[in-house]
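Dumped target00.pdb below, it's PDB, C-alpha atoms:
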```
ATOM      1  CA  MET V 101     -70.609  19.492  33.522
ATOM      2  CA  LYS V 102     -69.931  18.989  29.805
ATOM      3  CA  ILE V 103     -72.048  22.049  28.955
ATOM      4  CA  LYS V 104     -70.118  24.190  31.435
ATOM      5  CA  THR V 105     -66.808  22.863  30.137
ATOM      6  CA  HIS V 106     -67.866  23.557  26.540
ATOM      7  CA  ARG V 107     -68.875  27.110  27.424
ATOM      8  CA  LEU V 108     -65.611  27.692  29.257
ATOM      9  CA  SER V 109     -63.615  26.319  26.302
ATOM     10  CA  ASN V 110     -65.469  28.619  23.918
ATOM     11  CA  ALA V 111     -64.900  31.611  26.170
ATOM     12  CA  LEU V 112     -61.171  30.872  26.429
ATOM     13  CA  ALA V 113     -60.899  30.395  22.656
ATOM     14  CA  TRP V 114     -62.618  33.724  21.958
ATOM     15  CA  LEU V 115     -60.382  35.436  24.533
ATOM     16  CA  LEU V 116     -57.283  33.919  22.922
ATOM     17  CA  SER V 117     -58.487  35.023  19.502
ATOM     18  CA  TYR V 118     -58.997  38.582  20.741
ATOM     19  CA  GLY V 119     -55.464  38.616  22.160
ATOM     20  CA  PHE V 120     -54.006  37.445  18.840
ATOM     21  CA  LYS V 121     -55.981  40.108  16.958
ATOM     22  CA  LEU V 122     -54.526  42.800  19.202
ATOM     23  CA  LEU V 123     -51.014  41.393  18.707
ATOM     24  CA  PHE V 124     -51.302  41.152  14.922
ATOM     25  CA  ALA V 125     -52.614  44.725  14.758
ATOM     26  CA  THR V 126     -49.118  45.831  15.813
ATOM     27  CA  LEU V 127     -47.305  43.868  13.091
ATOM     28  CA  ARG V 128     -46.054  44.912   9.684
ATOM     29  CA  ILE V 129     -47.316  42.176   7.365
ATOM     30  CA  ARG V 130     -45.738  41.482   3.983
ATOM     31  CA  PHE V 131     -47.408  38.739   1.942
ATOM     32  CA  TYR V 132     -46.042  37.768  -1.475
ATOM     33  CA  CYS V 133     -47.739  35.565  -4.099
ATOM     34  CA  VAL V 134     -46.186  34.017  -7.187
ATOM     35  CA  ASN V 135     -49.671  33.907  -8.722
ATOM     36  CA  GLU V 136     -51.943  36.792  -7.673
ATOM     37  CA  ALA V 137     -55.015  34.756  -8.619
ATOM     38  CA  ALA V 138     -54.125  32.434  -5.714
ATOM     39  CA  ARG V 139     -53.918  35.174  -3.059
ATOM     40  CA  PRO V 140     -56.050  33.983  -0.107
ATOM     41  CA  TYR V 141     -56.729  37.468   1.287
ATOM     42  CA  SER V 142     -58.944  38.570  -1.595
ATOM     43  CA  GLN V 143     -62.362  37.549  -2.848
ATOM     44  CA  ALA V 144     -62.066  34.362  -4.875
ATOM     45  CA  GLY V 145     -62.448  34.924  -8.587
ATOM     46  CA  GLY V 146     -63.915  31.602  -9.662
ATOM     47  CA  GLN V 147     -60.860  29.407  -9.051
ATOM     48  CA  TYR V 148     -60.356  27.805  -5.659
ATOM     49  CA  PHE V 149     -57.276  26.354  -4.004
ATOM     50  CA  VAL V 150     -55.954  24.214  -1.148
ATOM     51  CA  TYR V 151     -53.524  26.019   1.162
ATOM     52  CA  PRO V 152     -51.290  23.739   3.272
ATOM     53  CA  ILE V 153     -49.750  25.464   6.308
ATOM     54  CA  TRP V 154     -47.298  23.856   8.697
ATOM     55  CA  HIS V 155     -48.754  23.345  12.145
ATOM     56  CA  ASP V 156     -46.155  25.575  13.811
ATOM     57  CA  SER V 157     -47.063  28.496  11.514
ATOM     58  CA  MET V 158     -50.843  28.301  11.690
ATOM     59  CA  ALA V 159     -51.370  31.474  13.771
ATOM     60  CA  ALA V 160     -49.739  33.597  11.041
ATOM     61  CA  PRO V 161     -52.266  33.116   8.209
ATOM     62  CA  ILE V 162     -55.296  33.043  10.518
ATOM     63  CA  PHE V 163     -54.720  36.535  11.875
ATOM     64  CA  SER V 164     -52.878  38.187   8.977
ATOM     65  CA  GLY V 165     -56.038  39.220   7.139
ATOM     66  CA  ARG V 166     -59.633  38.413   6.285
ATOM     67  CA  GLN V 167     -60.159  35.311   4.177
ATOM     68  CA  PRO V 168     -63.649  35.667   2.691
ATOM     69  CA  SER V 169     -63.904  32.297   0.912
ATOM     70  CA  MET V 170     -62.167  29.807   3.206
ATOM     71  CA  VAL V 171     -62.967  26.599   5.078
ATOM     72  CA  ALA V 172     -60.460  24.699   7.231
ATOM     73  CA  LEU V 173     -59.921  20.992   7.802
ATOM     74  CA  VAL V 174     -59.509  20.716  11.587
ATOM     75  CA  GLY V 175     -58.432  17.620  13.508
ATOM     76  CA  ALA V 176     -60.973  15.478  15.348
ATOM     77  CA  HIS V 177     -58.835  15.618  18.522
ATOM     78  CA  THR V 178     -59.838  17.678  21.586
ATOM     79  CA  ASP V 179     -57.673  20.670  20.654
ATOM     80  CA  GLY V 180     -59.613  20.880  17.396
ATOM     81  CA  SER V 181     -62.565  22.363  19.292
ATOM     82  CA  TYR V 182     -60.443  25.318  20.355
ATOM     83  CA  VAL V 183     -59.122  25.750  16.834
ATOM     84  CA  SER V 184     -62.621  25.620  15.313
ATOM     85  CA  THR V 185     -63.846  28.303  17.688
ATOM     86  CA  ILE V 186     -60.842  30.528  16.946
ATOM     87  CA  LEU V 187     -61.360  30.076  13.211
ATOM     88  CA  ARG V 188     -65.023  30.960  13.568
ATOM     89  CA  SER V 189     -64.035  34.180  15.334
ATOM     90  CA  VAL V 190     -62.218  35.330  12.174
ATOM     91  CA  GLY V 191     -64.876  34.140   9.743
ATOM     92  CA  ILE V 192     -63.384  30.794   8.681
ATOM     93  CA  GLY V 193     -65.614  27.726   8.689
ATOM     94  CA  SER V 194     -64.305  24.276   9.609
ATOM     95  CA  VAL V 195     -64.794  20.596   8.831
ATOM     96  CA  ARG V 196     -63.676  18.196  11.568
ATOM     97  CA  GLY V 197     -61.505  15.174  10.774
ATOM     98  CA  SER V 198     -57.933  13.986  10.195
ATOM     99  CA  SER V 199     -55.919  11.292   8.440
ATOM    100  CA  SER V 200     -56.136   9.101  11.548
ATOM    101  CA  ARG V 201     -59.572   9.914  12.995
ATOM    102  CA  GLY V 202     -62.558  10.640  10.785
ATOM    103  CA  GLY V 203     -60.470  11.420   7.721
ATOM    104  CA  SER V 204     -62.749   9.673   5.202
ATOM    105  CA  GLN V 205     -65.835  11.308   6.644
ATOM    106  CA  ALA V 206     -64.124  14.707   6.617
ATOM    107  CA  LEU V 207     -63.132  14.224   2.968
ATOM    108  CA  ARG V 208     -66.726  13.438   2.014
ATOM    109  CA  GLN V 209     -67.848  16.508   3.949
ATOM    110  CA  LEU V 210     -65.240  18.610   2.175
ATOM    111  CA  LEU V 211     -66.465  17.454  -1.229
ATOM    112  CA  VAL V 212     -69.989  18.545  -0.295
ATOM    113  CA  ASP V 213     -69.306  21.742   1.638
ATOM    114  CA  THR V 214     -66.365  23.401  -0.134
ATOM    115  CA  GLU V 215     -67.888  24.315  -3.465
ATOM    116  CA  GLY V 216     -67.025  27.969  -4.041
ATOM    117  CA  LYS V 217     -64.462  27.996  -1.209
ATOM    118  CA  HIS V 218     -60.743  27.614  -0.601
ATOM    119  CA  ILE V 219     -59.488  24.909   1.791
ATOM    120  CA  VAL V 220     -56.760  25.427   4.382
ATOM    121  CA  LEU V 221     -55.196  22.646   6.462
ATOM    122  CA  THR V 222     -52.092  21.660   8.430
ATOM    123  CA  PRO V 223     -50.663  18.645   6.558
ATOM    124  CA  ASP V 224     -48.308  17.651   9.398
ATOM    125  CA  GLY V 225     -50.945  17.660  12.155
ATOM    126  CA  PRO V 226     -52.296  16.652  14.548
ATOM    127  CA  ARG V 227     -49.456  14.440  15.823
ATOM    128  CA  GLY V 228     -46.554  15.183  13.483
ATOM    129  CA  PRO V 229     -43.788  14.521  12.741
ATOM    130  CA  ARG V 230     -43.083  18.225  12.500
ATOM    131  CA  ARG V 231     -43.173  19.574   8.939
ATOM    132  CA  GLN V 232     -43.494  16.124   7.401
ATOM    133  CA  LEU V 233     -46.181  16.099   4.727
ATOM    134  CA  LYS V 234     -48.811  13.364   4.948
ATOM    135  CA  PRO V 235     -49.991  11.769   1.674
ATOM    136  CA  GLY V 236     -53.628  12.727   2.259
ATOM    137  CA  LEU V 237     -53.072  16.262   0.942
ATOM    138  CA  ALA V 238     -52.369  15.205  -2.648
ATOM    139  CA  PHE V 239     -55.242  12.702  -2.531
ATOM    140  CA  MET V 240     -57.673  15.356  -1.279
ATOM    141  CA  ALA V 241     -56.561  17.829  -3.957
ATOM    142  CA  SER V 242     -57.083  15.208  -6.660
ATOM    143  CA  ARG V 243     -60.614  14.477  -5.452
ATOM    144  CA  THR V 244     -61.698  18.105  -4.935
ATOM    145  CA  GLY V 245     -60.119  19.348  -8.164
ATOM    146  CA  LYS V 246     -58.476  22.245  -6.328
ATOM    147  CA  ALA V 247     -54.822  23.083  -7.015
ATOM    148  CA  ILE V 248     -52.444  23.174  -4.033
ATOM    149  CA  VAL V 249     -50.762  26.487  -3.192
ATOM    150  CA  PRO V 250     -47.715  25.807  -0.954
ATOM    151  CA  THR V 251     -47.068  28.465   1.691
ATOM    152  CA  ALA V 252     -44.432  29.634   4.159
ATOM    153  CA  PHE V 253     -44.288  32.174   6.990
ATOM    154  CA  ALA V 254     -41.455  33.759   8.975
ATOM    155  CA  SER V 255     -41.098  36.669  11.383
ATOM    156  CA  THR V 256     -38.239  39.051  12.126
ATOM    157  CA  SER V 257     -38.777  38.326  15.825
ATOM    158  CA  ALA V 258     -41.000  35.711  17.453
ATOM    159  CA  TRP V 259     -41.690  33.488  20.429
ATOM    160  CA  TYR V 260     -41.719  29.709  19.934
ATOM    161  CA  PRO V 261     -43.650  28.068  22.803
ATOM    162  CA  ARG V 262     -43.248  24.301  22.765
ATOM    163  CA  GLY V 263     -46.259  21.985  22.439
ATOM    164  CA  LYS V 264     -46.597  18.212  22.574
ATOM    165  CA  TRP V 265     -44.715  17.534  19.326
ATOM    166  CA  THR V 266     -43.983  20.928  17.782
ATOM    167  CA  GLU V 267     -43.681  24.602  18.591
ATOM    168  CA  LEU V 268     -45.859  27.553  17.571
ATOM    169  CA  MET V 269     -44.473  30.699  15.992
ATOM    170  CA  ILE V 270     -45.955  33.778  17.674
ATOM    171  CA  PRO V 271     -44.596  37.034  16.195
ATOM    172  CA  LYS V 272     -43.486  39.560  18.788
ATOM    173  CA  PRO V 273     -45.227  42.960  18.894
ATOM    174  CA  PHE V 274     -44.117  45.444  16.210
ATOM    175  CA  SER V 275     -42.115  42.821  14.304
ATOM    176  CA  THR V 276     -42.528  42.162  10.572
ATOM    177  CA  LEU V 277     -44.291  39.002   9.463
ATOM    178  CA  TYR V 278     -43.551  37.619   6.003
ATOM    179  CA  GLY V 279     -45.713  35.224   4.034
ATOM    180  CA  LEU V 280     -44.939  33.573   0.713
ATOM    181  CA  ALA V 281     -47.315  31.598  -1.540
ATOM    182  CA  GLY V 282     -45.855  29.516  -4.354
ATOM    183  CA  GLN V 283     -47.063  28.469  -7.764
ATOM    184  CA  PRO V 284     -50.286  26.383  -7.683
ATOM    185  CA  ILE V 285     -49.679  22.638  -8.109
ATOM    186  CA  GLU V 286     -52.450  20.756  -9.897
ATOM    187  CA  VAL V 287     -52.963  17.077  -9.060
ATOM    188  CA  PRO V 288     -54.831  15.029 -11.715
ATOM    189  CA  ARG V 289     -58.270  13.823 -10.609
ATOM    190  CA  LYS V 290     -57.459  10.190 -11.409
ATOM    191  CA  ALA V 291     -53.873  10.208 -10.139
ATOM    192  CA  SER V 292     -52.457   6.768  -9.322
ATOM    193  CA  LYS V 293     -50.850   5.944  -5.980
ATOM    194  CA  GLU V 294     -47.411   6.345  -7.557
ATOM    195  CA  GLU V 295     -48.382   9.747  -8.951
ATOM    196  CA  LEU V 296     -49.787  10.831  -5.581
ATOM    197  CA  ASP V 297     -46.516   9.803  -3.915
ATOM    198  CA  GLU V 298     -44.586  11.866  -6.457
ATOM    199  CA  PHE V 299     -46.813  14.897  -5.903
ATOM    200  CA  THR V 300     -46.396  14.499  -2.143
ATOM    201  CA  ARG V 301     -42.606  14.640  -2.538
ATOM    202  CA  ARG V 302     -42.864  17.677  -4.827
ATOM    203  CA  ILE V 303     -45.148  19.548  -2.427
ATOM    204  CA  GLN V 304     -42.859  18.695   0.503
ATOM    205  CA  ALA V 305     -39.844  19.978  -1.429
ATOM    206  CA  THR V 306     -41.659  23.133  -2.463
ATOM    207  CA  MET V 307     -42.773  23.969   1.064
ATOM    208  CA  ASP V 308     -39.253  23.365   2.392
ATOM    209  CA  TYR V 309     -37.861  25.627  -0.346
ATOM    210  CA  LEU V 310     -40.430  28.377   0.312
ATOM    211  CA  ASP V 311     -39.663  28.200   4.024
ATOM    212  CA  GLU V 312     -35.997  28.840   3.265
ATOM    213  CA  LEU V 313     -36.883  31.808   1.036
ATOM    214  CA  CYS V 314     -39.285  33.226   3.623
ATOM    215  CA  THR V 315     -36.650  32.964   6.346
ATOM    216  CA  ARG V 316     -34.243  34.863   4.071
ATOM    217  CA  LEU V 317     -36.923  37.538   3.634
ATOM    218  CA  ALA V 318     -37.213  37.892   7.404
ATOM    219  CA  THR V 319     -33.442  38.210   7.837
ATOM    220  CA  GLY V 320     -33.224  40.842   5.086
ATOM    221  CA  GLU V 321     -31.185  38.657   2.752
ATOM    222  CA  LEU V 322     -33.891  38.782   0.052
ATOM    223  CA  ASP V 323     -36.348  41.424  -1.119
ATOM    224  CA  GLY V 324     -39.900  40.637  -2.147
ATOM    225  CA  GLU V 325     -39.361  40.707  -5.914
ATOM    226  CA  THR V 326     -36.396  38.345  -5.690
ATOM    227  CA  ALA V 327     -38.301  35.965  -3.412
ATOM    228  CA  ILE V 328     -41.225  35.837  -5.865
ATOM    229  CA  ARG V 329     -38.879  35.185  -8.783
ATOM    230  CA  LEU V 330     -37.085  32.365  -6.955
ATOM    231  CA  ALA V 331     -40.362  30.866  -5.702
ATOM    232  CA  ALA V 332     -41.855  30.801  -9.209
ATOM    233  CA  SER V 333     -39.741  27.824 -10.259
ATOM    234  CA  ILE V 334     -38.475  25.301  -7.735
ATOM    235  CA  PRO V 335     -35.118  23.748  -8.764
ATOM    236  CA  GLU V 336     -35.430  20.089  -9.729
ATOM    237  CA  SER V 337     -32.390  19.372  -7.550
ATOM    238  CA  VAL V 338     -34.507  20.311  -4.516
ATOM    239  CA  VAL V 339     -37.211  17.815  -5.501
ATOM    240  CA  SER V 340     -34.620  15.130  -6.233
ATOM    241  CA  ASN V 341     -33.069  15.643  -2.813
ATOM    242  CA  VAL V 342     -36.438  15.080  -1.086
ATOM    243  CA  ALA V 343     -37.015  11.943  -3.186
ATOM    244  CA  ALA V 344     -33.594  10.587  -2.240
ATOM    245  CA  THR V 345     -34.185  11.303   1.459
ATOM    246  CA  ASP V 346     -37.582   9.586   1.286
ATOM    247  CA  GLY V 347     -35.983   6.539  -0.302
ATOM    248  CA  ASP V 348     -33.299   6.375   2.390
ATOM    249  CA  GLN V 349     -35.954   6.494   5.121
ATOM    250  CA  ARG V 350     -37.893   3.601   3.555
ATOM    251  CA  ALA V 351     -34.708   1.563   3.195
ATOM    252  CA  ALA V 352     -33.815   2.163   6.846
ATOM    253  CA  ALA V 353     -37.304   1.036   7.909
TER
END
```

What does the file become when written as structure tokens?
Amino acid sequence: MKIKTHRLSNALAWLLSYGFKLLFATLRIRFYCVNEAARPYSQAGGQYFVYPIWHDSMAAPIFSGRQPSMVALVGAHTDGSYVSTILRSVGIGSVRGSSSRGGSQALRQLLVDTEGKHIVLTPDGPRGPRRQLKPGLAFMASRTGKAIVPTAFASTSAWYPRGKWTELMIPKPFSTLYGLAGQPIEVPRKASKEELDEFTRRIQATMDYLDELCTRLATGELDGETAIRLAASIPESVVSNVAATDGDQRAAA
């Protein structure tokens, strides 16, 4: 029974992947990078990065283009099997694990298997809260030596089917999908817990800021050059606001 179920799951995942490929073939895709060396849709040139993507945006980068040097950290939960199969259909390898189940083992596997590859992961999965960065991202970057490239995606028109704890952005046919990659953030290899907490707040603030810029791209409020210029340097007031919010949440707890 398990074999049949596994085969059926694989077949459904491949069918879903094919449907997404057909959908994305109709889209106009505009992807902007602050640092062209960190563009994920080109052959890596000797420097490798970690790309965090919010769980509700994960379909966008998977089907927007070929990623020749990429491996994904996929949750150990049941849905992870579907995701791994879909990733395999577009040429992306996967390592199974999460911050709550198998995270340490997955990190060790990442250290072994990601030499010469980028890493992509959803830092708010698998259970949320939605778009709330978990501290494991900064820790993983410090141990792998790969700089973090914050990302954001938005579409001019999309569906947002609701899941267990978040929704999924699915661009509508013939819409325009925008992607924005920020300046790489390097985390020291021997960062202390306090430093990792600070980097976590900075990455959270940067991804929130990029999301706002990407949404403004999709609404036509910004052009690509302006978005790149604004994304190149995140205002310190944005970081300070995230730090203050984090402090308020700890005080309330």

| task | List the residues matched by the PyMOL selection byres ((chain V and resi 183) around 12) in the displayed structure as JSON, numbers by chain, ordered by chain and then by residue number. | result | {"V": [109, 110, 112, 113, 114, 116, 117, 155, 158, 159, 162, 172, 173, 174, 175, 176, 177, 178, 179, 180, 181, 182, 184, 185, 186, 187, 188, 189, 190, 192, 193, 194, 195, 196, 221, 222, 226]}

| Evaluate the PyMOL selection byres ((chain V and resi 164) around 9) and report residues as a VMD selection string | chain V and resid 121 124 to 125 127 129 131 141 159 to 163 165 to 166 277

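With atom CA of V:Arg227 on one side and atom CA of V:Thr300 on the other, the separation reads 18.2 Å.
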
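Between atom CA of V:Asn135 and atom CA of V:Gly282 the interatomic distance comes to 7.3 Å.
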
| query | List as a ChimeraX atom specification: which residues have an atom within 8 Å of (-36.7, 36.0, 9.0), counting all atoms listed in the file? | reply | /V:254-257,278,314-320

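Across the structure, atom CA of V:Ile303 and atom CA of V:Ala258 are spaced 26.0 Å apart.
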
Please write as a PDB file with C-alpha atoms, in the frame of the given file the list of polymer residues whose atoms come within 10 Å of (-40.4, 28.4, -9.0), counting only C-alpha atoms and keeping to the coordinates of the file.
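Result saved to part39.pdb:
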```pdb
ATOM      1  CA  VAL V 134     -46.186  34.017  -7.187  1.00  0.00           C
ATOM      2  CA  GLY V 282     -45.855  29.516  -4.354  1.00  0.00           C
ATOM      3  CA  GLN V 283     -47.063  28.469  -7.764  1.00  0.00           C
ATOM      4  CA  THR V 306     -41.659  23.133  -2.463  1.00  0.00           C
ATOM      5  CA  TYR V 309     -37.861  25.627  -0.346  1.00  0.00           C
ATOM      6  CA  LEU V 310     -40.430  28.377   0.312  1.00  0.00           C
ATOM      7  CA  ALA V 327     -38.301  35.965  -3.412  1.00  0.00           C
ATOM      8  CA  ILE V 328     -41.225  35.837  -5.865  1.00  0.00           C
ATOM      9  CA  ARG V 329     -38.879  35.185  -8.783  1.00  0.00           C
ATOM     10  CA  LEU V 330     -37.085  32.365  -6.955  1.00  0.00           C
ATOM     11  CA  ALA V 331     -40.362  30.866  -5.702  1.00  0.00           C
ATOM     12  CA  ALA V 332     -41.855  30.801  -9.209  1.00  0.00           C
ATOM     13  CA  SER V 333     -39.741  27.824 -10.259  1.00  0.00           C
ATOM     14  CA  ILE V 334     -38.475  25.301  -7.735  1.00  0.00           C
ATOM     15  CA  PRO V 335     -35.118  23.748  -8.764  1.00  0.00           C
ATOM     16  CA  GLU V 336     -35.430  20.089  -9.729  1.00  0.00           C
TER      17      GLU V 336
END
```

| Of the candidates V:Glu312, V:Ala247, V:Leu322, V:Val339, which shows the shortest atom-to-atom distance to V:His218, using only C-alpha atoms? | V:Ala247

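Nearest to V:Pro140 of all the residues V:Leu296, V:Met307, V:Met170, V:Ile270 is V:Met170, based on all atoms listed in the file.
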
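Comparing the minimum interatomic distances between V:Ser169 and each of V:Arg128, V:Lys217, V:Arg208, V:Arg230, counting all atoms listed in the file, we find that V:Lys217 sits nearest.
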
| message | Can you pull out the residues contacting V:Glu298? Cut-off 10 Å, using all atoms listed in the file, and skip same-chain residues under 3 positions away; I want them as JSON, numbers by chain. | response | {"V": [235, 238, 292, 293, 294, 295, 301, 302, 303, 304, 339, 343]}
